[in-house]
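This is target_26.cif. It holds mmCIF, C-alpha atoms and all ligand atoms.
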```cif
data_model
#
loop_
_atom_site.label_atom_id
_atom_site.label_comp_id
_atom_site.auth_asym_id
_atom_site.auth_seq_id
_atom_site.Cartn_x
_atom_site.Cartn_y
_atom_site.Cartn_z
CA MET J 17 -3.15 0.73 51.22
CA LYS J 18 -1.37 2.84 48.64
CA TYR J 19 -0.32 1.04 45.46
CA ASN J 20 2.72 1.99 43.39
CA PHE J 21 1.66 1.37 39.80
CA ASP J 22 4.96 2.75 38.49
CA GLU J 23 6.73 -0.37 39.78
CA ILE J 24 7.95 -2.54 36.90
CA VAL J 25 7.32 -6.21 37.61
CA ASN J 26 9.25 -8.43 35.22
CA ARG J 27 6.72 -10.74 33.55
CA ARG J 28 9.14 -12.65 31.35
CA ASN J 29 9.30 -16.37 32.16
CA THR J 30 5.91 -16.31 33.91
CA TYR J 31 3.92 -17.93 31.04
CA SER J 32 2.61 -14.48 30.11
CA LEU J 33 0.99 -14.28 26.67
CA LYS J 34 2.26 -10.74 26.28
CA TRP J 35 5.81 -11.24 27.49
CA ASP J 36 6.48 -14.92 26.72
CA GLY J 37 4.09 -15.56 23.85
CA GLY J 38 6.26 -14.28 21.00
CA GLU J 39 6.16 -17.50 19.00
CA LEU J 40 2.39 -17.68 19.27
CA ILE J 41 1.75 -14.11 18.26
CA LYS J 42 4.19 -14.38 15.36
CA ALA J 43 2.39 -17.54 14.24
CA ILE J 44 -1.00 -15.82 14.28
CA GLY J 45 0.44 -12.93 12.30
CA PHE J 46 0.29 -10.09 14.83
CA THR J 47 3.96 -9.29 14.32
CA GLU J 48 7.02 -10.49 12.45
CA ARG J 49 9.43 -9.34 15.13
CA TYR J 50 9.37 -10.37 18.74
CA ASP J 51 12.53 -10.62 20.83
CA SER J 52 13.85 -9.88 24.30
CA GLU J 53 13.70 -6.12 23.59
CA THR J 54 10.12 -6.07 22.31
CA ILE J 55 7.62 -3.95 24.22
CA PRO J 56 4.30 -5.79 23.91
CA LEU J 57 1.24 -3.59 24.36
CA PHE J 58 -1.21 -5.65 22.37
CA THR J 59 -3.30 -7.86 24.60
CA ALA J 60 -5.72 -6.41 27.12
CA ASP J 61 -4.16 -7.40 30.39
CA MET J 62 -2.30 -5.20 32.82
CA ASP J 63 1.36 -5.20 33.76
CA LEU J 64 0.26 -4.11 37.22
CA PRO J 65 0.03 -6.20 40.39
CA VAL J 66 -3.46 -7.07 41.58
CA PRO J 67 -5.05 -5.85 44.84
CA GLN J 68 -3.38 -7.15 47.98
CA PRO J 69 -6.59 -8.81 49.27
CA ILE J 70 -6.63 -11.03 46.15
CA ILE J 71 -3.01 -12.01 46.73
CA ASP J 72 -3.76 -12.80 50.39
CA ALA J 73 -6.82 -14.87 49.44
CA LEU J 74 -4.82 -16.83 46.87
CA HIS J 75 -2.05 -17.45 49.43
CA LYS J 76 -4.63 -18.81 51.81
CA THR J 77 -5.88 -21.17 49.10
CA VAL J 78 -2.33 -22.32 48.33
CA ASP J 79 -1.66 -22.89 52.02
CA HIS J 80 -4.49 -25.41 52.10
CA ARG J 81 -2.29 -27.65 49.94
CA ILE J 82 -5.21 -29.48 48.36
CA PHE J 83 -6.71 -28.21 45.08
CA GLY J 84 -9.57 -30.58 44.40
CA TYR J 85 -12.93 -30.10 42.69
CA SER J 86 -14.62 -27.05 44.08
CA VAL J 87 -18.05 -25.48 44.31
CA PHE J 88 -19.44 -21.94 44.40
CA PRO J 89 -20.24 -20.98 48.01
CA ASP J 90 -23.00 -18.49 48.93
CA GLU J 91 -20.33 -15.87 49.42
CA TYR J 92 -19.38 -16.11 45.75
CA TYR J 93 -22.86 -15.09 44.59
CA GLU J 94 -23.32 -12.53 47.36
CA SER J 95 -20.04 -10.82 46.41
CA ILE J 96 -21.19 -10.46 42.80
CA GLN J 97 -24.62 -9.18 43.81
CA HIS J 98 -23.14 -6.70 46.25
CA TRP J 99 -20.58 -5.35 43.73
CA PHE J 100 -23.09 -4.67 40.99
CA LYS J 101 -25.67 -3.18 43.33
CA LYS J 102 -23.16 -0.90 44.99
CA ARG J 103 -21.20 0.20 41.94
CA HIS J 104 -23.80 0.17 39.20
CA ASP J 105 -27.09 0.14 41.12
CA TRP J 106 -27.95 -3.08 39.29
CA LYS J 107 -29.85 -5.70 41.25
CA ILE J 108 -29.01 -9.24 40.22
CA SER J 109 -30.72 -12.34 41.64
CA ARG J 110 -28.56 -15.26 42.56
CA GLU J 111 -30.30 -17.69 40.24
CA GLU J 112 -29.62 -15.40 37.25
CA ILE J 113 -25.85 -15.95 37.50
CA VAL J 114 -24.21 -18.60 35.30
CA TYR J 115 -20.46 -19.19 35.55
CA SER J 116 -18.30 -19.40 32.44
CA PRO J 117 -14.52 -19.89 32.35
CA GLY J 118 -14.29 -16.97 29.93
CA THR J 119 -16.22 -14.28 28.14
CA VAL J 120 -15.19 -15.33 24.64
CA HIS J 121 -16.25 -18.85 25.57
CA ALA J 122 -19.61 -17.51 26.76
CA LEU J 123 -20.12 -15.59 23.50
CA ASN J 124 -19.45 -18.73 21.48
CA VAL J 125 -21.77 -20.82 23.63
CA ALA J 126 -24.51 -18.18 23.31
CA VAL J 127 -24.19 -18.02 19.52
CA LYS J 128 -24.23 -21.81 19.17
CA ALA J 129 -27.05 -22.43 21.62
CA LEU J 130 -29.35 -19.51 20.88
CA THR J 131 -29.09 -18.97 17.11
CA LYS J 132 -29.25 -21.28 14.11
CA PRO J 133 -26.63 -21.80 11.39
CA GLY J 134 -27.11 -19.06 8.79
CA ASP J 135 -28.73 -16.61 11.25
CA GLY J 136 -27.59 -13.00 11.22
CA VAL J 137 -25.80 -11.63 14.30
CA ILE J 138 -25.31 -7.87 14.62
CA ILE J 139 -21.94 -6.56 15.76
CA GLN J 140 -20.61 -3.01 15.69
CA ARG J 141 -17.25 -2.76 13.98
CA PRO J 142 -14.54 -1.81 14.49
CA VAL J 143 -14.86 -4.31 17.33
CA TYR J 144 -12.90 -6.81 19.40
CA PRO J 145 -12.03 -9.51 16.81
CA PRO J 146 -13.40 -12.56 18.71
CA PHE J 147 -16.90 -11.14 18.10
CA THR J 148 -16.50 -11.78 14.38
CA ALA J 149 -14.94 -15.17 15.11
CA ALA J 150 -17.83 -16.17 17.39
CA VAL J 151 -20.28 -15.40 14.59
CA GLU J 152 -18.47 -16.65 11.50
CA GLY J 153 -16.63 -19.47 13.25
CA ASN J 154 -19.99 -20.96 14.18
CA GLY J 155 -21.49 -20.67 10.71
CA ARG J 156 -23.58 -17.56 11.41
CA VAL J 157 -23.55 -14.36 9.36
CA VAL J 158 -22.13 -11.03 10.52
CA GLN J 159 -24.57 -8.14 10.23
CA ASN J 160 -22.21 -5.23 10.66
CA ASN J 161 -23.82 -2.15 12.12
CA ALA J 162 -20.58 -0.17 11.80
CA LEU J 163 -20.13 2.63 14.29
CA LYS J 164 -20.03 6.09 12.72
CA CYS J 165 -16.83 8.01 13.32
CA ASP J 166 -16.67 11.81 12.95
CA SER J 167 -13.57 13.79 12.06
CA GLU J 168 -12.73 14.21 15.76
CA GLY J 169 -12.74 10.44 16.30
CA ASN J 170 -16.09 10.37 18.16
CA TYR J 171 -18.05 7.18 17.60
CA THR J 172 -21.85 6.99 17.51
CA ILE J 173 -24.41 4.34 16.65
CA ASP J 174 -26.13 4.36 13.26
CA PHE J 175 -29.61 3.56 14.61
CA GLU J 176 -31.33 3.57 11.23
CA ASP J 177 -28.95 0.91 9.97
CA PHE J 178 -29.24 -0.98 13.27
CA GLU J 179 -33.00 -1.14 13.03
CA SER J 180 -32.97 -2.21 9.39
CA LYS J 181 -30.60 -5.06 10.28
CA ALA J 182 -32.56 -6.04 13.40
CA LYS J 183 -35.76 -6.18 11.31
CA GLU J 184 -34.39 -8.79 8.96
CA GLU J 185 -36.10 -12.13 9.45
CA THR J 186 -32.79 -13.98 9.81
CA THR J 187 -31.29 -11.63 12.41
CA THR J 188 -31.62 -13.26 15.83
CA MET J 189 -28.82 -11.87 17.98
CA PHE J 190 -26.89 -8.69 18.71
CA ILE J 191 -23.52 -8.83 20.50
CA LEU J 192 -23.07 -5.51 22.26
CA CYS J 193 -19.67 -4.34 23.45
CA ASN J 194 -20.09 -1.73 26.19
CA PRO J 195 -17.79 -0.05 27.03
CA HIS J 196 -16.79 -0.50 23.45
CA ASN J 197 -13.41 -2.02 22.62
CA PRO J 198 -11.67 -0.39 20.76
CA ALA J 199 -13.85 2.71 20.16
CA GLY J 200 -13.85 3.54 23.88
CA ARG J 201 -17.49 4.62 24.04
CA ILE J 202 -19.67 4.09 27.07
CA PHE J 203 -23.14 4.09 25.59
CA THR J 204 -25.65 6.40 27.25
CA GLN J 205 -28.83 5.24 28.94
CA GLU J 206 -30.81 6.61 25.98
CA GLU J 207 -28.70 4.73 23.44
CA LEU J 208 -28.92 1.50 25.42
CA LYS J 209 -32.64 1.77 25.90
CA ARG J 210 -33.14 2.40 22.21
CA LEU J 211 -30.98 -0.61 21.28
CA SER J 212 -32.89 -2.77 23.73
CA ASP J 213 -36.30 -1.58 22.50
CA ILE J 214 -35.42 -2.26 18.86
CA CYS J 215 -34.15 -5.73 19.73
CA GLU J 216 -37.18 -6.52 21.86
CA GLU J 217 -39.53 -5.42 19.09
CA HIS J 218 -37.80 -7.58 16.48
CA ASN J 219 -37.09 -10.65 18.65
CA VAL J 220 -33.36 -10.17 18.64
CA LEU J 221 -31.46 -11.46 21.67
CA ILE J 222 -28.79 -9.19 23.13
CA VAL J 223 -25.56 -10.64 24.43
CA ALA J 224 -23.92 -7.73 26.23
CA ASP J 225 -20.19 -7.96 26.81
CA GLU J 226 -19.78 -5.48 29.66
CA ILE J 227 -16.52 -6.75 31.06
CA HIS J 228 -14.82 -3.34 30.74
CA GLY J 229 -17.67 -1.74 32.71
CA ASP J 230 -15.61 -1.01 35.83
CA LEU J 231 -12.71 0.44 33.85
CA ILE J 232 -14.06 3.86 33.09
CA ARG J 233 -12.71 7.38 33.39
CA LYS J 234 -13.22 9.06 36.74
CA ASN J 235 -15.86 11.47 35.39
CA GLN J 236 -17.91 8.78 33.63
CA THR J 237 -20.86 6.59 34.62
CA PHE J 238 -21.46 3.15 33.22
CA TYR J 239 -24.99 1.78 32.85
CA PRO J 240 -25.54 -1.97 32.42
CA ILE J 241 -28.03 -2.47 29.59
CA ALA J 242 -30.07 -4.85 31.75
CA LYS J 243 -30.56 -2.04 34.24
CA VAL J 244 -31.88 0.52 31.77
CA ALA J 245 -33.93 -1.82 29.56
CA ASN J 246 -37.71 -1.97 29.98
CA ASN J 247 -37.57 -5.70 29.90
CA THR J 248 -34.59 -8.01 30.34
CA ASP J 249 -36.08 -11.20 28.91
CA HIS J 250 -33.98 -10.84 25.76
CA ILE J 251 -30.71 -9.88 27.46
CA LEU J 252 -27.69 -11.93 28.56
CA THR J 253 -24.91 -9.91 30.20
CA CYS J 254 -21.29 -11.02 30.54
CA THR J 255 -19.58 -9.65 33.64
CA ALA J 256 -16.09 -10.54 34.80
CA ILE J 257 -13.34 -9.92 37.30
CA ASN J 258 -10.84 -10.68 34.53
CA LYS J 259 -10.40 -7.17 33.21
CA THR J 260 -11.28 -5.13 36.31
CA PHE J 261 -8.80 -6.86 38.59
CA ASN J 262 -6.24 -8.17 36.09
CA VAL J 263 -6.95 -11.85 36.73
CA ALA J 264 -7.69 -13.09 33.20
CA GLY J 265 -5.55 -16.15 33.94
CA LEU J 266 -8.01 -17.18 36.67
CA HIS J 267 -10.86 -17.61 34.19
CA CYS J 268 -13.88 -16.08 35.78
CA THR J 269 -16.84 -14.71 33.85
CA ASN J 270 -20.37 -14.58 35.19
CA VAL J 271 -23.22 -14.37 32.73
CA VAL J 272 -26.41 -12.80 34.06
CA ILE J 273 -29.55 -14.15 32.41
CA SER J 274 -32.94 -13.23 33.84
CA ASN J 275 -35.08 -15.23 31.40
CA PRO J 276 -35.27 -18.78 32.87
CA ASP J 277 -35.86 -20.47 29.50
CA ILE J 278 -32.86 -18.80 27.90
CA ARG J 279 -30.81 -19.46 31.01
CA LYS J 280 -31.66 -23.15 30.81
CA ILE J 281 -30.64 -23.42 27.15
CA PHE J 282 -27.44 -21.48 27.77
CA SER J 283 -26.52 -23.42 30.93
CA GLU J 284 -27.10 -26.76 29.25
CA ALA J 285 -24.95 -25.73 26.31
CA MET J 286 -22.27 -24.51 28.69
CA GLY J 287 -22.21 -27.88 30.46
CA MET J 288 -21.02 -28.39 33.98
CA HIS J 289 -17.99 -26.24 34.81
CA LEU J 290 -16.74 -26.60 38.35
CA PRO J 291 -14.56 -23.70 39.40
CA SER J 292 -10.95 -23.66 40.46
CA PRO J 293 -10.61 -22.85 44.17
CA PHE J 294 -8.33 -20.00 43.08
CA THR J 295 -11.11 -18.52 40.98
CA VAL J 296 -13.56 -18.61 43.87
CA SER J 297 -11.22 -17.10 46.44
CA ALA J 298 -10.04 -14.41 44.01
CA LEU J 299 -13.56 -13.34 43.08
CA ILE J 300 -14.71 -13.06 46.68
CA ALA J 301 -11.66 -11.01 47.64
CA ALA J 302 -11.86 -8.84 44.51
CA TYR J 303 -15.49 -7.89 44.82
CA ASN J 304 -15.49 -7.51 48.61
CA GLU J 305 -12.14 -5.82 49.12
CA GLY J 306 -10.87 -4.58 45.75
CA ALA J 307 -12.69 -1.25 45.42
CA ASP J 308 -9.94 0.83 46.97
CA TRP J 309 -7.35 -0.58 44.56
CA LEU J 310 -9.71 0.00 41.63
CA GLU J 311 -10.14 3.67 42.51
CA GLN J 312 -6.37 4.13 42.60
CA LEU J 313 -5.99 2.21 39.36
CA LYS J 314 -8.56 4.40 37.62
CA GLU J 315 -6.65 7.49 38.62
CA TYR J 316 -3.43 5.99 37.29
CA LEU J 317 -5.06 5.00 34.00
CA ASP J 318 -6.57 8.48 33.60
CA GLU J 319 -3.15 10.03 34.10
CA THR J 320 -1.50 7.63 31.67
CA MET J 321 -4.12 8.46 29.06
CA GLU J 322 -3.46 12.17 29.51
CA TYR J 323 0.23 11.43 29.19
CA VAL J 324 -0.29 9.48 25.93
CA LYS J 325 -2.51 12.18 24.47
CA ASN J 326 -0.04 14.93 25.36
CA PHE J 327 2.90 12.91 24.09
CA PHE J 328 1.32 12.57 20.66
CA ALA J 329 0.21 16.22 20.60
CA LYS J 330 3.79 17.29 21.26
CA ASN J 331 5.79 14.74 19.26
CA LEU J 332 3.51 13.28 16.61
CA PRO J 333 0.64 15.75 16.26
CA THR J 334 -0.52 14.16 13.01
CA VAL J 335 -1.68 11.08 14.93
CA LYS J 336 -5.17 11.71 16.26
CA VAL J 337 -5.66 10.51 19.80
CA SER J 338 -8.69 10.89 22.00
CA ILE J 339 -9.22 9.72 25.53
CA PRO J 340 -11.80 6.93 25.63
CA GLU J 341 -14.75 7.12 28.02
CA GLY J 342 -14.14 3.55 29.13
CA THR J 343 -11.66 0.64 28.76
CA TYR J 344 -7.89 0.88 29.03
CA VAL J 345 -7.26 0.73 25.30
CA MET J 346 -6.53 3.75 23.13
CA TRP J 347 -7.32 3.91 19.47
CA LEU J 348 -4.66 5.81 17.57
CA ASP J 349 -5.49 7.23 14.16
CA PHE J 350 -2.37 7.22 11.94
CA ARG J 351 -4.22 8.01 8.72
CA GLY J 352 -2.98 11.60 8.58
CA TYR J 353 0.46 10.47 7.36
CA GLY J 354 -0.98 9.04 4.17
CA LEU J 355 1.17 5.93 4.66
CA SER J 356 -0.11 2.46 3.91
CA SER J 357 -1.18 0.37 6.91
CA LYS J 358 1.70 -1.96 6.07
CA GLU J 359 4.18 0.90 6.30
CA VAL J 360 2.77 2.11 9.63
CA HIS J 361 2.91 -1.47 10.91
CA ASP J 362 6.51 -1.90 9.75
CA ARG J 363 7.67 1.27 11.48
CA ILE J 364 6.01 0.36 14.80
CA TYR J 365 6.40 -3.42 14.99
CA ASN J 366 9.67 -4.03 13.15
CA LYS J 367 11.60 -0.81 13.54
CA ALA J 368 10.41 0.52 16.93
CA ASN J 369 10.00 -3.07 18.17
CA VAL J 370 6.71 -2.31 19.88
CA VAL J 371 3.79 -4.68 19.37
CA LEU J 372 0.35 -3.04 19.25
CA GLU J 373 -2.71 -4.35 17.39
CA ASP J 374 -3.35 -3.37 13.77
CA GLY J 375 -6.68 -1.59 13.39
CA GLU J 376 -7.86 -3.72 10.49
CA LEU J 377 -8.00 -6.77 12.79
CA PHE J 378 -11.09 -5.05 14.24
CA GLY J 379 -12.75 -4.79 10.82
CA GLU J 380 -12.10 -2.69 7.73
CA GLU J 381 -13.30 0.38 9.66
CA GLY J 382 -10.07 0.08 11.67
CA GLU J 383 -7.80 0.50 8.64
CA GLY J 384 -5.10 3.08 9.44
CA PHE J 385 -5.61 2.82 13.23
CA GLN J 386 -3.51 1.11 15.88
CA ARG J 387 -4.81 -0.08 19.25
CA ILE J 388 -2.54 0.35 22.25
CA CYS J 389 -3.23 -1.13 25.68
CA ILE J 390 -1.97 1.30 28.29
CA PRO J 391 -2.34 -0.42 31.70
CA SER J 392 1.40 -0.80 32.20
CA PRO J 393 3.77 1.13 34.45
CA ARG J 394 4.18 4.55 32.86
CA PRO J 395 7.94 4.13 32.27
CA ILE J 396 7.11 1.24 29.89
CA ILE J 397 4.53 3.34 28.05
CA LYS J 398 7.00 6.24 27.81
CA GLU J 399 9.69 4.07 26.28
CA ALA J 400 7.27 2.54 23.78
CA LEU J 401 6.04 5.96 22.69
CA GLU J 402 9.54 7.36 22.39
CA ARG J 403 10.54 4.44 20.19
CA ILE J 404 7.45 4.92 18.02
CA SER J 405 8.00 8.66 17.81
CA LEU J 406 11.52 8.24 16.43
CA GLN J 407 10.17 6.19 13.53
CA PHE J 408 7.73 8.88 12.37
CA GLN J 409 9.85 12.02 12.71
CA ASP J 410 10.64 12.06 8.97
CA VAL J 411 6.98 12.10 7.90
CA GLU J 412 6.07 14.47 10.69
CA SER J 413 8.75 16.95 9.51
CA GLU J 414 7.56 16.67 5.90
CA ILE J 415 4.04 17.56 7.00
CA LEU J 416 5.35 20.47 9.04
CA LEU J 417 7.35 21.81 6.10
CA LYS J 418 4.32 21.67 3.83
CA SER J 419 2.08 23.50 6.27
C1 LIG J 501 -14.54 -6.77 24.96
C2 LIG J 501 -13.79 -8.00 25.41
N1 LIG J 501 -14.47 -9.14 25.60
C3 LIG J 501 -13.84 -10.27 25.99
C4 LIG J 501 -12.47 -10.28 26.20
C5 LIG J 501 -11.82 -11.55 26.64
O1 LIG J 501 -12.43 -12.00 27.81
P1 LIG J 501 -12.14 -13.45 28.37
O2 LIG J 501 -10.70 -13.52 28.69
O3 LIG J 501 -13.00 -13.49 29.59
O4 LIG J 501 -12.54 -14.42 27.33
C6 LIG J 501 -11.73 -9.12 26.01
C7 LIG J 501 -10.28 -9.13 26.17
O5 LIG J 501 -9.58 -8.28 25.72
C8 LIG J 501 -12.41 -7.96 25.60
O6 LIG J 501 -11.75 -6.81 25.41
#
```
I need this file expressed as structure tokens, please.
Amino acid sequence: MKYNFDEIVNRRNTYSLKWDGGELIKAIGFTERYDSETIPLFTADMDLPVPQPIIDALHKTVDHRIFGYSVFPDEYYESIQHWFKKRHDWKISREEIVYSPGTVHALNVAVKALTKPGDGVIIQRPVYPPFTAAVEGNGRVVQNNALKCDSEGNYTIDFEDFESKAKEETTTMFILCNPHNPAGRIFTQEELKRLSDICEEHNVLIVADEIHGDLIRKNQTFYPIAKVANNTDHILTCTAINKTFNVAGLHCTNVVISNPDIRKIFSEAMGMHLPSPFTVSALIAAYNEGADWLEQLKEYLDETMEYVKNFFAKNLPTVKVSIPEGTYVMWLDFRGYGLSSKEVHDRIYNKANVVLEDGELFGEEGEGFQRICIPSPRPIIKEALERISLQFQDVESEILLKS
């Protein structure tokens, strides 16, 4: 079936964090302004309807009329195994799969169960803020192996620094984000193998958050670290339908852990989580029947990214924008204006009335950047960009005059 991703579905009054969560996001300090005219492009969920097979499966579950305690049927595990084998050539055994109601929850459980208070945990900033929270919030210490950014906005790993941090006696875990949010990198097989080898050598566990792994540009290939590593005994991988199929509200992450001892510790710390019947039916439908939708979605996201890049090149050429290899977030570099981060924030959030995410929330390396989530109907993205553009025309003209 052909999907129309340009269709605007009104999400207000649907308990949406993005569209109804103004009070919450003001309280946590993301924005001062949030009203009925705000365009929210901050959180990573899509304003796009999910694949029809998921909707049909959920209808079927509703039609049962009874929503009691549920279990994971064989089909649940088989669907996961089939998806990862077919799409990523990654063979997962059924017993390796541990359910978690969320990825952030899984990261926190892993940190608490598999490291000790005071241990060092490597993360690669600028990075999705809950990584820092999972480390510091649990009394562990961030070892920041900051990504290196060149003048074109390309991010690479500082391996020398990584190894020196991994070598430290107190470093016991590395939380990998691949594809990387917000830097947009999909790490190569060589990079992943090198990271895995260093961690294996220095007894550092890897928790790989790969939940953006299906959301990659058409010309890209994503490699799960557990597939390219020599040995997977030190690797836990978070996979999810949440991002791929826009069902974050259904709470479905599956953590793949091949090492039985680590799996036991992690599972015990996780405790018993029975699934919602909606989660089970959605996952089976998504992984068995959602591929066609995903291919169409990827095309739409690629086109939107081209649109965003071209829009900035034409209207605000001082803002550096590159198309990420993976994820549906774009990382906009506003530093060329020489404005303070506060001033950039004020122009976008208060004056343009568009809510993005300030770069410094991802670590000091993000200072001067803004993250925009683009999986919305293109008319919404266009309006947001036009509003933002109006607020920077004065500084853009000044720069033009000087050149
Ligand atoms: C890299 C990454 N990990 C985890 C999450 C959140 O996942 P969950 O809703 O499963 O906790 C996000 C959401 O934006 C994310 O970008």
- request: For ligand LIG 501 (chain J), list the contacting residues at 7 Å or closer, counting all atoms listed in the file, as a list in words.
  value: Thr59, Ala60, Gly118, Thr119, Val120, His121, Tyr144, Cys193, His196, Asn197, Asp225, Ile227, His228, Ala256, Asn258, Ala264, His267, Cys268 and Thr269 of chain J
For a quick check of understanding, using all atoms listed in the file, which of J:Pro145, J:Pro67, J:Gly342, J:Gly287 has the smallest distance to Asn20 (chain J)?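 Between J:Pro145, J:Pro67, J:Gly342, J:Gly287, the residue approaching Asn20 (chain J) most closely is J:Pro67.
Taking all atoms listed in the file into account, Lys107 (chain J) lies nearest to J:Lys243 out of the set J:Ile82, J:Lys243, J:Val143, J:Gln407.
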Per residue of region 243-325 of chain J within 8 Å of region 87-100 of chain J, which atom pair is closest and at what distance in Å (one decimal), using all atoms listed in the file, listed by chain and increasing number, as CSV?
```
residue,atom,partner,partner_atom,distance
J:Leu290,CA,J:Val87,CA,6.2
J:Pro291,CA,J:Val87,CA,6.3
J:Pro293,CA,J:Val87,CA,7.9
J:Val296,CA,J:Tyr92,CA,6.6
J:Leu299,CA,J:Tyr92,CA,7.0
J:Ile300,CA,J:Tyr92,CA,5.7
J:Tyr303,CA,J:Ser95,CA,5.6
J:Asn304,CA,J:Ser95,CA,6.0
```
Now that the selection is made, can you save its residues with C-alpha atoms as a PDB file, keeping the file's coordinate frame?
```pdb
ATOM      1  CA  LEU J 290     -16.740 -26.600  38.350  1.00  0.00           C
ATOM      2  CA  PRO J 291     -14.560 -23.700  39.400  1.00  0.00           C
ATOM      3  CA  PRO J 293     -10.610 -22.850  44.170  1.00  0.00           C
ATOM      4  CA  VAL J 296     -13.560 -18.610  43.870  1.00  0.00           C
ATOM      5  CA  LEU J 299     -13.560 -13.340  43.080  1.00  0.00           C
ATOM      6  CA  ILE J 300     -14.710 -13.060  46.680  1.00  0.00           C
ATOM      7  CA  TYR J 303     -15.490  -7.890  44.820  1.00  0.00           C
ATOM      8  CA  ASN J 304     -15.490  -7.510  48.610  1.00  0.00           C
TER       9      ASN J 304
END
```
Would you compute the distance between CA of Asn160 (chain J) and CA of Asp135 (chain J)? Give it in Å to one decimal.
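Atom-to-atom, CA of Asn160 (chain J) and CA of Asp135 (chain J) are spaced 13.1 Å apart.
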key: Non-local contacts of Gly136 (chain J) (12 Å; all atoms listed in the file; under 5 positions in same chain excluded) as a PyMOL selection string   = chain J and resi 127+130-131+148+150-152+154-161+181-191+220-221
Open item on the list: Report as an MDAnalysis selection string all protein, DNA and RNA residues lying within 10 Å of Leu74 (chain J), evaluated on only C-alpha atoms, omitting residues in the same chain fewer than 4 positions from it.
Closed with: chainID J and resid 68:70 78:79 293:298 301
Neighbouring residues of Val371 (chain J) were defined as those with any atom within 10 Å, considering only C-alpha atoms; residues of the same chain fewer than 6 positions away were excluded. Please report them as a compact mmCIF listing (two decimals) with C-alpha atoms, in the coordinates of the input.
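The new file around.txt reads:
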```
# COMPACT_ATOMS: atom_id res chain seq x y z
CA LYS J 34 2.26 -10.74 26.28
CA ILE J 41 1.75 -14.11 18.26
CA PHE J 46 0.29 -10.09 14.83
CA THR J 47 3.96 -9.29 14.32
CA GLU J 48 7.02 -10.49 12.45
CA ARG J 49 9.43 -9.34 15.13
CA TYR J 50 9.37 -10.37 18.74
CA THR J 54 10.12 -6.07 22.31
CA ILE J 55 7.62 -3.95 24.22
CA PRO J 56 4.30 -5.79 23.91
CA LEU J 57 1.24 -3.59 24.36
CA PHE J 58 -1.21 -5.65 22.37
CA THR J 59 -3.30 -7.86 24.60
CA HIS J 361 2.91 -1.47 10.91
CA ILE J 364 6.01 0.36 14.80
CA TYR J 365 6.40 -3.42 14.99
CA GLN J 386 -3.51 1.11 15.88
CA ARG J 387 -4.81 -0.08 19.25
CA ILE J 388 -2.54 0.35 22.25
CA ALA J 400 7.27 2.54 23.78
```
